[in-house]
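Data block below; observations after.
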Amino acid sequence: MTEKLFPHLYGPVPSRRLGYSLGVDLLPFKTCSLSCIYCQLGRTKKTTIRRKKYFSERQILQELKDFLKSGVRVDFITFSGSGEPTLNSSIGQLIRKIKKMTGKPVAVLTNSTLLTRPAVRKDLEAADVVVPSLDAADQKTFKKINRPHPTLKASKIIDGLIKFRKQFKGQIWLEILLVKGLNDSPGHLKKLKAAADKIKPDRIHLNTVVRPPAEKWARPLAPDELERVRLFFGPRAEVVASFHKKEKEQEKAPEDLTRAILSIVKRRPVNLEDLQHALGQTKDNLFPVVQQLIASKKIKEAVHRGLVYYESA
């Protein structure tokens, strides 16, 4: 299991919501319609809303087929990674083919910006779970937090989510990421709740800045603040919890630990415990490999809220 053999796959990573989630990355690094201040991958150099086929469908499907032969535990196959997955115009066909080929449930993590388009809503219909984001209910806040492509409007995105709910038969878990002092005021929370009431998601996931953000000044809400917001949003809302170890950790370790670590770190900052769960290794086994990667300047340390994370150098 190596980066060379599986350039479009990463993990499985321990997800707070999806268990052991095998990521499918459909885009070149930081291809996105937003440049969110909290993004764990850093700033987007140039936002885009243009959809196209970035990579070969056949190659992605073959990688997945070969990967699953390894026996590594996978609970969900998740479209996420280096940017906004719906920017890849092949996503609809890939979802359908992957479900037919593997029988595994498929999730899509999206920033919701392209759900204004009927073709994108149609593409996502075959997924089992869609996790769309909505951090802002007005244009001013949208620009501050998400720094969108200049053509994007918060009101139209909310309308797209409402339309998607009406046609999508699977689960919608609406994620709202709260940044201290920007979208957590009582007035703005009322606007977000009004939007959520119209969208009617199955769940509302409340999140905050839990990994090293693009902008160091982006601050998280405290646990008690998140709990108050949860109560305000009502019974569908939950604070997204940290990943908890399930009955078993990953049973089959990758053959090339160095490449496996690089594959994960390329897509998201992780700490040692994340790697332990994802790779089925003890911290004693992982730590020297991580230190070697730091020494060779392939990854670097980032401290966030007192915790050490590893990210691409």
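Here, A, B, ... name the chains of the structure tokens in the order displayed, residue numbers run from 1 inside each chain, and ligands are numbered from 1 in the same displayed order.
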From a backbone DSSP assignment, name each residue in segment 93-279 of chain A labelled alpha helix (DSSP H), as a PyMOL selection string. chain A and resi 93-102+118-123+139-146+154-167+186-199+223-233+257-265+272-279
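If you count only C-alpha atoms and ignore residues fewer than 5 places along the chain from Asn111 of chain A, what sits within 9 Å of it is Ser33, Leu34, Glu84, Pro85, Thr86, Val131, Pro132, Ser133 and Leu134 of chain A.
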Using the selection just defined, write its residues with N, CA and C atoms as a compact mmCIF listing (two decimals), in the first residue's frame.
```txt
# COMPACT_ATOMS: atom_id res chain seq x y z
N SER A 33 -13.56 26.17 -4.47
CA SER A 33 -14.34 27.38 -4.72
C SER A 33 -14.27 28.35 -3.55
N LEU A 34 -13.68 27.90 -2.43
CA LEU A 34 -13.55 28.72 -1.24
C LEU A 34 -12.10 28.75 -0.78
N GLU A 84 -12.75 20.85 -3.24
CA GLU A 84 -14.19 20.62 -3.32
C GLU A 84 -14.47 19.51 -4.35
N PRO A 85 -14.88 18.33 -3.89
CA PRO A 85 -14.98 17.17 -4.79
C PRO A 85 -15.97 17.32 -5.92
N THR A 86 -17.02 18.14 -5.75
CA THR A 86 -17.99 18.28 -6.83
C THR A 86 -17.45 19.09 -8.02
N VAL A 131 -22.44 15.29 3.41
CA VAL A 131 -22.14 16.18 4.53
C VAL A 131 -21.82 17.56 3.95
N PRO A 132 -22.85 18.40 3.78
CA PRO A 132 -22.62 19.73 3.23
C PRO A 132 -22.32 20.74 4.33
N SER A 133 -21.52 21.73 4.00
CA SER A 133 -21.17 22.76 4.97
C SER A 133 -22.02 24.00 4.78
N LEU A 134 -22.29 24.67 5.89
CA LEU A 134 -22.93 25.98 5.86
C LEU A 134 -22.44 26.74 7.09
```
Using only C-alpha atoms, which residues sit within 9 Å of Ala222 of chain A once same-chain residues fewer than 5 positions away are excluded, as a VMD selection string? chain A and resid 180 208 227
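Atom to atom, atom CA of His188 of chain A and atom CA of Val210 of chain A stand 21.2 Å apart.
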Do you have, as CSV, the list of residues of segment 42-157 of chain A lying at most 8 Å from segment 8-12 of chain A, each with its nearest atom pair and that distance in Å to one decimal, counting only C-alpha atoms and ordered by chain then number?
```
residue,atom,partner,partner_atom,distance
A:Ile60,CA,A:His8,CA,6.5
A:Glu63,CA,A:Leu9,CA,7.6
A:Leu64,CA,A:Leu9,CA,7.5
A:Arg73,CA,A:Pro12,CA,7.6
A:Val74,CA,A:Pro12,CA,6.4
```
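Between Lys140 of chain A and the candidates A:Thr116, A:Asn88, A:Ser155, A:Asn271, the tightest atom-to-atom separation, counting only C-alpha atoms, involves A:Ser155.
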From a DSSP pass on the backbone, collect the residues of segment 34-85 of chain A flagged as strand (DSSP E or B) and hand them back as a count of residues only. 6
For Tyr54 of chain A, work out the shell of residues within 10 Å, counting only C-alpha atoms and skipping chain neighbours fewer than 3 positions away, then give it as number ranges by chain. A: 26-28, 51, 57, 87-90
Generate the output file for the selected residues, C-alpha atoms, as a CSV table (one decimal), in the first residue's frame.
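Result file follows (out09.csv):
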```
chain,number,residue,atom,x,y,z
A,26,LEU,CA,-10.5,13.7,-7.1
A,27,LEU,CA,-8.6,16.9,-7.4
A,28,PRO,CA,-5.2,18.6,-7.6
A,51,ARG,CA,-16.1,21.7,-13.3
A,57,GLU,CA,-12.1,7.4,-13.8
A,87,LEU,CA,-15.6,20.3,-9.0
A,88,ASN,CA,-14.7,17.0,-10.6
A,89,SER,CA,-17.5,16.4,-13.2
A,90,SER,CA,-16.9,12.6,-13.0
```
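Using only C-alpha atoms, the nearest neighbour of Leu275 of chain A within the list A:Leu307, A:Val13, A:Asp184, A:Pro7 is A:Val13.
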Pick from A:Ile77, A:Leu182, A:Ile294, A:Ala136 nearest to Gly19 of chain A, counting only C-alpha atoms: A:Ile77
Which of these residues is nearest to Ala214 of chain A, using only C-alpha atoms: A:Val24, A:Leu41, A:Ala260, A:Val72? A:Leu41
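Among the candidates A:Cys36, A:Ala195, A:Ile158, A:Val265, the one nearest to Val209 of chain A when counting only C-alpha atoms is A:Cys36.
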